[in-house]
$ cat model-v4.txt   # compact mmCIF, C-alpha atoms
# COMPACT_ATOMS: atom_id res chain seq x y z
CA MET N 12 4.58 10.87 -20.58
CA TRP N 13 6.08 13.78 -18.63
CA GLN N 14 6.33 15.76 -21.87
CA LEU N 15 2.62 15.17 -22.47
CA LEU N 16 1.78 16.31 -18.95
CA ALA N 17 3.91 19.40 -19.38
CA ALA N 18 2.04 20.17 -22.60
CA ALA N 19 -1.23 19.69 -20.75
CA CYS N 20 -0.08 22.19 -18.13
CA TRP N 21 0.62 24.79 -20.82
CA MET N 22 -2.77 24.15 -22.36
CA LEU N 23 -4.39 24.75 -18.99
CA LEU N 24 -2.43 27.93 -18.33
CA LEU N 25 -3.27 29.29 -21.76
CA GLY N 26 -6.86 28.17 -21.38
CA SER N 27 -7.14 29.96 -18.06
CA SER N 28 -5.98 33.20 -19.64
CA CYS N 29 -8.64 32.76 -22.31
CA GLY N 30 -11.30 32.24 -19.67
CA TYR N 31 -12.56 28.73 -20.44
CA SER N 32 -10.78 26.45 -17.95
CA LYS N 33 -13.27 27.07 -15.16
CA LYS N 34 -16.05 25.75 -17.34
CA ILE N 35 -14.39 22.40 -18.00
CA SER N 36 -12.45 21.76 -14.78
CA ILE N 37 -14.30 19.72 -12.15
CA THR N 38 -12.10 18.76 -9.20
CA ASN N 39 -13.39 16.23 -6.68
CA PRO N 40 -13.06 17.81 -3.22
CA GLU N 41 -11.27 14.77 -1.76
CA ALA N 42 -8.29 15.48 -4.03
CA ASN N 43 -7.36 18.34 -1.68
CA MET N 44 -8.16 16.60 1.61
CA ASN N 45 -6.20 14.60 4.16
CA ILE N 46 -7.36 11.20 5.40
CA SER N 47 -9.46 12.48 8.30
CA GLN N 48 -11.16 15.04 6.08
CA ILE N 49 -12.03 12.41 3.49
CA ILE N 50 -13.58 10.14 6.14
CA SER N 51 -15.62 13.04 7.55
CA TYR N 52 -16.65 14.16 4.07
CA TRP N 53 -18.42 10.84 3.57
CA GLY N 54 -20.25 11.16 6.87
CA TYR N 55 -18.23 8.79 9.04
CA PRO N 56 -16.75 9.52 12.48
CA THR N 57 -12.98 9.66 12.53
CA GLU N 58 -10.16 9.50 15.04
CA GLN N 59 -6.43 10.00 14.47
CA TYR N 60 -3.55 8.67 16.57
CA ASP N 61 0.23 8.60 16.56
CA VAL N 62 1.89 5.24 17.17
CA VAL N 63 5.55 5.16 18.20
CA THR N 64 7.59 2.13 17.14
CA LYS N 65 10.38 0.61 19.20
CA ASP N 66 12.95 2.23 16.91
CA GLY N 67 11.39 5.69 17.24
CA TYR N 68 9.31 6.12 14.08
CA ILE N 69 5.98 7.89 14.57
CA LEU N 70 3.17 6.41 12.48
CA GLY N 71 -0.13 8.12 11.77
CA ILE N 72 -3.09 5.73 12.03
CA TYR N 73 -6.76 6.45 11.47
CA ARG N 74 -9.93 5.00 12.91
CA ILE N 75 -13.58 4.84 11.85
CA PRO N 76 -15.08 3.60 15.15
CA HIS N 77 -18.61 2.99 13.86
CA GLY N 78 -21.00 3.70 11.03
CA ARG N 79 -22.64 6.96 10.00
CA GLY N 80 -24.72 8.89 12.47
CA CYS N 81 -24.49 7.03 15.77
CA SER N 82 -22.49 4.44 17.67
CA SER N 83 -25.10 1.70 17.31
CA ARG N 84 -24.76 -1.10 14.75
CA THR N 85 -25.14 0.84 11.51
CA ASP N 86 -23.63 -0.17 8.18
CA PHE N 87 -21.84 -3.41 9.05
CA GLY N 88 -20.90 -2.20 12.52
CA TYR N 89 -17.14 -2.79 12.38
CA ASP N 90 -14.47 -0.75 14.09
CA VAL N 91 -12.08 0.07 11.21
CA TRP N 92 -8.45 1.07 11.65
CA MET N 93 -6.14 2.18 8.82
CA GLY N 94 -2.41 1.93 9.32
CA ASN N 95 0.50 3.61 7.56
CA SER N 96 4.06 2.44 7.04
CA ARG N 97 7.03 4.61 7.91
CA GLY N 98 8.13 7.15 5.34
CA ASN N 99 4.84 7.83 3.59
CA THR N 100 3.13 11.22 3.73
CA TRP N 101 1.12 10.35 6.84
CA SER N 102 4.00 8.73 8.77
CA ARG N 103 7.06 10.88 8.26
CA LYS N 104 8.12 11.71 11.81
CA HIS N 105 10.64 10.29 14.26
CA LEU N 106 11.49 10.88 17.91
CA THR N 107 15.09 11.86 17.15
CA LEU N 108 15.84 11.53 13.42
CA SER N 109 15.02 14.15 10.80
CA PRO N 110 13.43 13.07 7.49
CA GLN N 111 16.18 15.17 5.92
CA SER N 112 18.79 12.73 7.22
CA HIS N 113 20.11 9.60 5.51
CA GLU N 114 19.62 7.63 8.73
CA TYR N 115 15.86 8.19 8.72
CA TRP N 116 15.49 6.48 5.33
CA ALA N 117 17.60 3.41 6.16
CA PHE N 118 14.65 1.01 6.17
CA SER N 119 12.74 -1.39 3.94
CA LEU N 120 10.15 -4.15 4.27
CA ASP N 121 12.02 -5.72 7.20
CA GLU N 122 11.55 -2.73 9.48
CA MET N 123 7.93 -2.28 8.46
CA ALA N 124 7.28 -5.91 9.41
CA ASN N 125 9.43 -6.01 12.54
CA TYR N 126 8.42 -2.64 14.00
CA ASP N 127 5.53 -0.88 12.23
CA LEU N 128 2.98 -3.68 12.08
CA PRO N 129 3.55 -4.97 15.65
CA ALA N 130 3.38 -1.43 17.06
CA THR N 131 0.14 -0.73 15.20
CA VAL N 132 -1.54 -4.01 16.19
CA ASP N 133 -0.47 -3.61 19.82
CA PHE N 134 -1.80 -0.05 19.93
CA ILE N 135 -5.18 -1.09 18.54
CA THR N 136 -5.60 -4.08 20.86
CA GLU N 137 -4.69 -1.96 23.88
CA LYS N 138 -7.02 0.85 22.81
CA THR N 139 -10.00 -1.38 22.05
CA GLY N 140 -9.50 -4.17 24.57
CA GLN N 141 -9.84 -6.72 21.77
CA LYS N 142 -7.57 -9.75 21.94
CA GLN N 143 -7.64 -10.38 18.18
CA LEU N 144 -8.09 -8.34 15.00
CA PHE N 145 -8.97 -8.98 11.37
CA TYR N 146 -6.13 -7.85 9.11
CA VAL N 147 -6.76 -6.77 5.50
CA GLY N 148 -3.65 -6.14 3.40
CA HIS N 149 -3.11 -5.30 -0.25
CA SER N 150 0.15 -5.72 -2.17
CA GLN N 151 2.98 -4.49 0.11
CA GLY N 152 0.52 -4.72 3.00
CA THR N 153 0.48 -8.47 2.43
CA THR N 154 4.27 -8.67 2.10
CA ILE N 155 4.76 -7.03 5.48
CA ALA N 156 2.16 -9.33 7.02
CA PHE N 157 3.68 -12.53 5.62
CA ILE N 158 7.04 -11.52 7.11
CA ALA N 159 5.62 -10.45 10.45
CA PHE N 160 3.19 -13.33 10.98
CA SER N 161 5.74 -16.00 10.02
CA THR N 162 8.51 -14.63 12.27
CA ASN N 163 6.56 -13.23 15.23
CA PRO N 164 4.29 -15.92 16.75
CA GLU N 165 3.03 -13.62 19.52
CA LEU N 166 1.87 -11.07 16.94
CA ALA N 167 0.32 -13.81 14.81
CA LYS N 168 -1.86 -14.90 17.76
CA LYS N 169 -3.52 -11.48 17.68
CA ILE N 170 -4.85 -11.96 14.13
CA LYS N 171 -8.20 -13.69 13.62
CA ILE N 172 -7.99 -13.82 9.81
CA PHE N 173 -5.44 -12.41 7.40
CA PHE N 174 -7.18 -11.23 4.22
CA ALA N 175 -4.50 -11.10 1.49
CA LEU N 176 -5.47 -9.09 -1.59
CA ALA N 177 -3.07 -9.29 -4.56
CA PRO N 178 -0.43 -10.94 -2.35
CA VAL N 179 3.19 -10.13 -3.06
CA VAL N 180 5.84 -12.47 -1.64
CA THR N 181 8.19 -13.51 -4.43
CA VAL N 182 8.27 -11.26 -7.49
CA LYS N 183 10.25 -13.44 -9.85
CA TYR N 184 7.63 -13.18 -12.61
CA THR N 185 6.40 -9.61 -12.05
CA GLN N 186 5.86 -7.63 -15.24
CA SER N 187 5.68 -4.19 -13.62
CA PRO N 188 7.91 -1.57 -15.27
CA LEU N 189 9.64 -1.31 -11.88
CA LYS N 190 11.34 -4.54 -12.91
CA ARG N 191 13.63 -2.39 -15.05
CA LEU N 192 15.31 -1.22 -11.85
CA THR N 193 16.80 -4.68 -11.48
CA SER N 194 19.12 -4.06 -14.40
CA PHE N 195 20.82 -1.29 -12.42
CA SER N 196 23.32 -1.74 -9.61
CA SER N 197 22.54 -0.38 -6.15
CA LYS N 198 25.09 2.36 -6.77
CA MET N 199 23.37 3.37 -10.01
CA ILE N 200 19.92 3.42 -8.38
CA LYS N 201 21.25 5.67 -5.62
CA THR N 202 22.85 7.90 -8.24
CA LEU N 203 19.50 8.24 -10.01
CA PHE N 204 17.23 8.58 -6.97
CA GLY N 205 19.52 9.44 -4.06
CA ASP N 206 19.50 7.45 -0.82
CA LYS N 207 16.51 8.98 0.92
CA VAL N 208 12.90 9.20 -0.25
CA PHE N 209 11.56 7.50 -3.38
CA SER N 210 8.49 8.89 -5.18
CA PRO N 211 7.38 11.56 -2.69
CA HIS N 212 4.15 13.48 -3.15
CA THR N 213 4.96 16.94 -4.50
CA LEU N 214 3.17 20.18 -5.32
CA PHE N 215 3.60 19.28 -8.99
CA ASN N 216 1.77 15.98 -8.39
CA GLN N 217 -1.02 17.92 -6.71
CA PHE N 218 -1.22 20.39 -9.59
CA ILE N 219 -1.39 17.61 -12.16
CA ALA N 220 -4.03 15.81 -10.10
CA THR N 221 -6.35 18.75 -9.50
CA LYS N 222 -5.83 20.88 -12.60
CA VAL N 223 -5.10 18.32 -15.31
CA CYS N 224 -6.56 14.95 -14.32
CA SER N 225 -9.83 16.54 -13.19
CA GLN N 226 -10.63 17.28 -16.83
CA LYS N 227 -12.21 14.71 -19.09
CA LEU N 228 -9.97 15.77 -21.96
CA PHE N 229 -6.95 14.34 -20.13
CA HIS N 230 -8.52 11.25 -18.53
CA ARG N 231 -6.90 8.73 -20.86
CA MET N 232 -3.45 10.33 -20.55
CA CYS N 233 -3.74 10.63 -16.76
CA SER N 234 -4.91 7.06 -16.30
CA ARG N 235 -1.91 5.75 -18.22
CA PHE N 236 0.38 7.93 -16.12
CA ILE N 237 -1.12 7.03 -12.74
CA PHE N 238 -1.21 3.29 -13.37
CA THR N 239 2.02 2.86 -15.34
CA LEU N 240 3.54 0.63 -12.67
CA SER N 241 0.48 -1.49 -11.92
CA GLY N 242 -1.77 -1.56 -14.97
CA PHE N 243 -5.50 -0.78 -15.00
CA ASP N 244 -8.80 -1.65 -16.67
CA PRO N 245 -10.63 1.49 -17.91
CA LYS N 246 -13.91 -0.43 -17.99
CA ASN N 247 -13.68 -1.16 -14.25
CA LEU N 248 -12.40 2.26 -13.19
CA ASN N 249 -14.39 5.38 -12.30
CA MET N 250 -12.53 7.76 -14.61
CA SER N 251 -14.22 10.82 -13.11
CA ARG N 252 -12.15 10.33 -9.92
CA LEU N 253 -8.68 10.21 -11.45
CA ASP N 254 -7.75 13.43 -9.67
CA VAL N 255 -8.38 11.76 -6.29
CA TYR N 256 -6.45 8.63 -7.25
CA LEU N 257 -3.38 10.64 -8.25
CA ALA N 258 -3.56 13.13 -5.38
CA GLN N 259 -3.88 10.38 -2.76
CA SER N 260 -1.78 7.54 -4.18
CA ILE N 261 1.81 8.74 -4.54
CA MET N 262 2.86 8.83 -0.92
CA GLY N 263 6.53 7.89 -0.89
CA THR N 264 8.83 5.27 0.59
CA SER N 265 12.58 4.84 0.94
CA VAL N 266 15.04 4.21 -1.88
CA GLN N 267 16.29 1.33 0.28
CA ASN N 268 12.83 -0.21 0.08
CA MET N 269 13.02 -0.10 -3.70
CA LEU N 270 16.46 -1.72 -3.52
CA HIS N 271 14.83 -4.49 -1.47
CA TRP N 272 12.21 -5.01 -4.20
CA SER N 273 14.94 -5.07 -6.83
CA GLN N 274 16.81 -7.67 -4.80
CA ALA N 275 13.65 -9.80 -4.58
CA VAL N 276 13.15 -9.72 -8.36
CA ASN N 277 16.76 -10.69 -9.02
CA SER N 278 16.93 -13.45 -6.41
CA GLY N 279 13.43 -14.86 -6.83
CA GLN N 280 13.42 -15.38 -3.04
CA PHE N 281 11.41 -14.02 -0.13
CA GLN N 282 14.37 -12.73 1.80
CA ALA N 283 15.48 -9.97 4.17
CA PHE N 284 17.36 -6.95 2.81
CA ASP N 285 20.98 -7.55 1.88
CA TRP N 286 22.98 -4.78 3.55
CA GLY N 287 25.81 -5.21 1.06
CA SER N 288 28.50 -7.05 2.97
CA PRO N 289 28.84 -10.10 5.25
CA ASN N 290 29.85 -7.84 8.14
CA GLN N 291 26.80 -5.58 7.77
CA ASN N 292 24.49 -8.59 7.45
CA MET N 293 26.04 -10.10 10.56
CA LYS N 294 25.33 -6.85 12.40
CA HIS N 295 21.65 -6.91 11.43
CA PHE N 296 20.87 -10.63 11.27
CA ASN N 297 23.67 -12.38 13.16
CA GLN N 298 24.55 -14.26 9.97
CA HIS N 299 26.53 -13.40 6.85
CA THR N 300 23.60 -13.61 4.41
CA PRO N 301 20.06 -12.23 4.73
CA PRO N 302 17.64 -14.81 6.16
CA VAL N 303 14.97 -16.29 3.88
CA TYR N 304 11.43 -15.89 5.19
CA ASP N 305 9.50 -19.15 5.51
CA VAL N 306 5.80 -18.48 4.89
CA SER N 307 4.91 -22.05 5.86
CA LYS N 308 5.63 -21.15 9.49
CA MET N 309 2.68 -18.75 9.51
CA GLU N 310 -0.33 -20.33 11.22
CA VAL N 311 -2.77 -17.41 10.86
CA PRO N 312 -6.01 -18.33 9.03
CA THR N 313 -5.53 -16.76 5.61
CA ALA N 314 -7.89 -15.85 2.78
CA VAL N 315 -6.42 -15.02 -0.63
CA TRP N 316 -7.72 -13.10 -3.65
CA HIS N 317 -5.65 -12.46 -6.73
CA GLY N 318 -6.16 -11.22 -10.27
CA GLY N 319 -5.54 -13.00 -13.54
CA GLN N 320 -4.35 -9.74 -15.17
CA ASP N 321 -2.13 -8.58 -12.31
CA ILE N 322 1.31 -7.50 -13.59
CA VAL N 323 2.67 -6.86 -10.08
CA ALA N 324 1.45 -9.93 -8.16
CA ASP N 325 1.87 -12.19 -11.17
CA PRO N 326 -0.34 -15.33 -11.13
CA LYS N 327 2.80 -17.50 -11.39
CA ASP N 328 4.24 -16.00 -8.22
CA VAL N 329 0.90 -16.41 -6.44
CA ALA N 330 0.71 -20.03 -7.58
CA ASN N 331 4.10 -20.62 -5.95
CA LEU N 332 2.93 -18.95 -2.75
CA LEU N 333 -0.34 -20.82 -2.22
CA PRO N 334 1.09 -24.28 -1.31
CA ASN N 335 3.17 -22.62 1.41
CA ILE N 336 0.18 -21.09 3.21
CA SER N 337 -0.42 -23.71 5.88
CA ASN N 338 -3.83 -22.44 6.98
CA CYS N 339 -5.52 -21.18 3.81
CA ILE N 340 -9.25 -20.95 4.56
CA TYR N 341 -10.37 -19.27 1.32
CA TYR N 342 -9.03 -18.69 -2.18
CA LYS N 343 -10.41 -16.81 -5.15
CA LEU N 344 -8.94 -16.02 -8.56
CA ILE N 345 -10.64 -13.11 -10.31
CA PRO N 346 -9.67 -13.57 -13.98
CA HIS N 347 -10.24 -9.96 -15.14
CA TYR N 348 -8.61 -8.25 -12.14
CA ASN N 349 -5.39 -6.25 -12.22
CA HIS N 350 -3.39 -4.92 -9.27
CA VAL N 351 -5.52 -1.87 -8.44
CA ASP N 352 -8.96 -3.38 -9.02
CA PHE N 353 -8.99 -4.65 -5.43
CA TYR N 354 -9.43 -1.12 -4.11
CA LEU N 355 -10.46 0.93 -7.16
CA GLY N 356 -12.47 -1.54 -9.23
CA LYS N 357 -16.12 -0.60 -9.63
CA ASP N 358 -17.08 -4.23 -8.96
CA ALA N 359 -14.79 -4.69 -5.93
CA PRO N 360 -17.76 -4.69 -3.48
CA GLN N 361 -19.22 -7.69 -5.30
CA GLU N 362 -15.97 -9.49 -6.17
CA VAL N 363 -14.08 -8.98 -2.90
CA TYR N 364 -15.68 -7.01 -0.06
CA GLN N 365 -18.84 -9.08 0.29
CA ASP N 366 -16.70 -12.19 0.71
CA ILE N 367 -14.57 -10.49 3.37
CA ILE N 368 -17.65 -9.44 5.34
CA SER N 369 -19.12 -12.94 5.02
CA LEU N 370 -15.94 -14.59 6.32
CA MET N 371 -15.78 -12.21 9.27
CA GLU N 372 -19.41 -12.83 10.12
CA GLN N 373 -18.89 -16.62 9.95
CA TYR N 374 -15.86 -16.38 12.22
CA LEU N 375 -17.69 -14.25 14.80
CA GLN N 376 -20.63 -16.65 14.89
CA ASN N 377 -18.45 -19.69 15.61
$ encode --input "model-v4.txt" --output "C-alpha cells"
Amino acid sequence: MWQLLAAACWMLLLGSSCGYSKKISITNPEANMNISQIISYWGYPTEQYDVVTKDGYILGIYRIPHGRGCSSRTDFGYDVWMGNSRGNTWSRKHLTLSPQSHEYWAFSLDEMANYDLPATVDFITEKTGQKQLFYVGHSQGTTIAFIAFSTNPELAKKIKIFFALAPVVTVKYTQSPLKRLTSFSSKMIKTLFGDKVFSPHTLFNQFIATKVCSQKLFHRMCSRFIFTLSGFDPKNLNMSRLDVYLAQSIMGTSVQNMLHWSQAVNSGQFQAFDWGSPNQNMKHFNQHTPPVYDVSKMEVPTAVWHGGQDIVADPKDVANLLPNISNCIYYKLIPHYNHVDFYLGKDAPQEVYQDIISLMEQYLQN
C-alpha cells in the first residue's frame, strides 16, 4: 500500500509540473483545520480548555455550549463536550515530562481510565454545575469507560447514561490486522516501533490526505489505506471526504497502549497492563499479576450498539460482554455496520444518533 501511495505522490508531482493537478484536486477545508476551527467552520460556538490530570498530563478538551446562532434552545439544545486521551495530537503536554522522554509514554488504557476520564468528567461538572453527564464512547472510548465506571463508584455516580458504540472489552475474536502484533514479543514490538509514540500524525500523512486522497482518482486506494485496521463499507461512506478522515484520524497513542491491546488479544481477558514482572506489577497494583476488570460491578445505565460486520469489536466478543452489563437499558445490533460506521456512516443519524437523543430526552423527562 505504501508503494502505491508513493507512486501516487510521484504522479501528483509530475502532474503539477504539467499544470493539470489544480483542475482535479479538491481539498475539503477541514482537512487543514484543528478541532476548534472545524467546529466554527460549521457555524457552532466553540470553547477550548486544558484539563490537568492527577499525574500531570494536560488534556485538550473542546466544548460546543449550544446550537448555531444563539444560546437559546436551537438544534437539540445540548451542551456538548469532546474529550481527548493523553498522547494524541490534541493532548500531548505534561507539567514536567517531555513528550520526547520515555517516561511520558509509559501509559496505556489503565491510566486513561484512572486519570484522564475522571479529570475530564470532574472538570465538566465543576464548570457547568451539573451533577451528572451523558457519556458517549466509541471503541477505545468504551474500553476506558468500562474500566473507570466499574472501578470508580464515585465517578460512576456522575454518569446518567453510558452510550457504548462498538464496545471493546475483550478482543479474543477480533479480526483487525492489528491482531498480527500478538505474534510478536514485547521486545520485538519495541524494536519495530520504539517505546514512545505509536502511529503519530506526520507531515507525510497530511500530504497524502490533502494532495492524494482529495482526488477522486485515488479514492478507492485511499479508503483501503485509511480503514485497513477497521474495515469500511464504501456504500455507507462519503468518499468525497476521505481527505478529512485521513487528516483527522491518525492522532497517535503510546506503544505501551498497543502492547496492552496485544496482551488482551492473547489472554482473552479484560485485564490491567502487565508490567512484565511480579515485582513491577506489585508496585503498580499491589499484587503480582494484573487485576482483571469486572464489568458486572458497573451500575451505570448502559445503552449498547454494535455492528454485525465489525472486525474490531467482533460480535462474539460483544455477545460475551452483554450478560455482564448489569444495567443494560437498550441494545441494538446493526447487521450491516462495521467499526467506523458509527461516526462516519451516512446513515448513522438514523441508525444511532436519533436513538441516543430519544434516550436522553426520555431520561430528562422522568
$ residues_around --input "model-v4.txt" --residues "stretch 221-238 of chain N" --least-positions-apart "3" --cutoff "6 Å" --atoms "only C-alpha atoms" --output "list in words"
Ser36, Ile37, Thr38, Phe218, Ser241, Gly242, Leu253 and Asp254 of chain N
$ atom_distance --input "model-v4.txt" --atom1 "atom CA of N:Thr139" --atom2 "atom CA of N:Arg103"
25.1 Å
$ closest_residue --input "model-v4.txt" --among "N:Phe118, N:Phe145, N:Tyr374, N:Phe243" --to "N:Leu270" --atoms "all atoms listed in the file"
N:Phe118
$ closest_residue --input "model-v4.txt" --among "N:Lys343, N:His317, N:His271, N:Lys327" --to "N:His149" --atoms "all atoms listed in the file"
N:His317
$ closest_residue --input "model-v4.txt" --among "N:Pro326, N:Gly263, N:Pro334, N:Gly148" --to "N:Ile367" --atoms "all atoms listed in the file"
N:Gly148
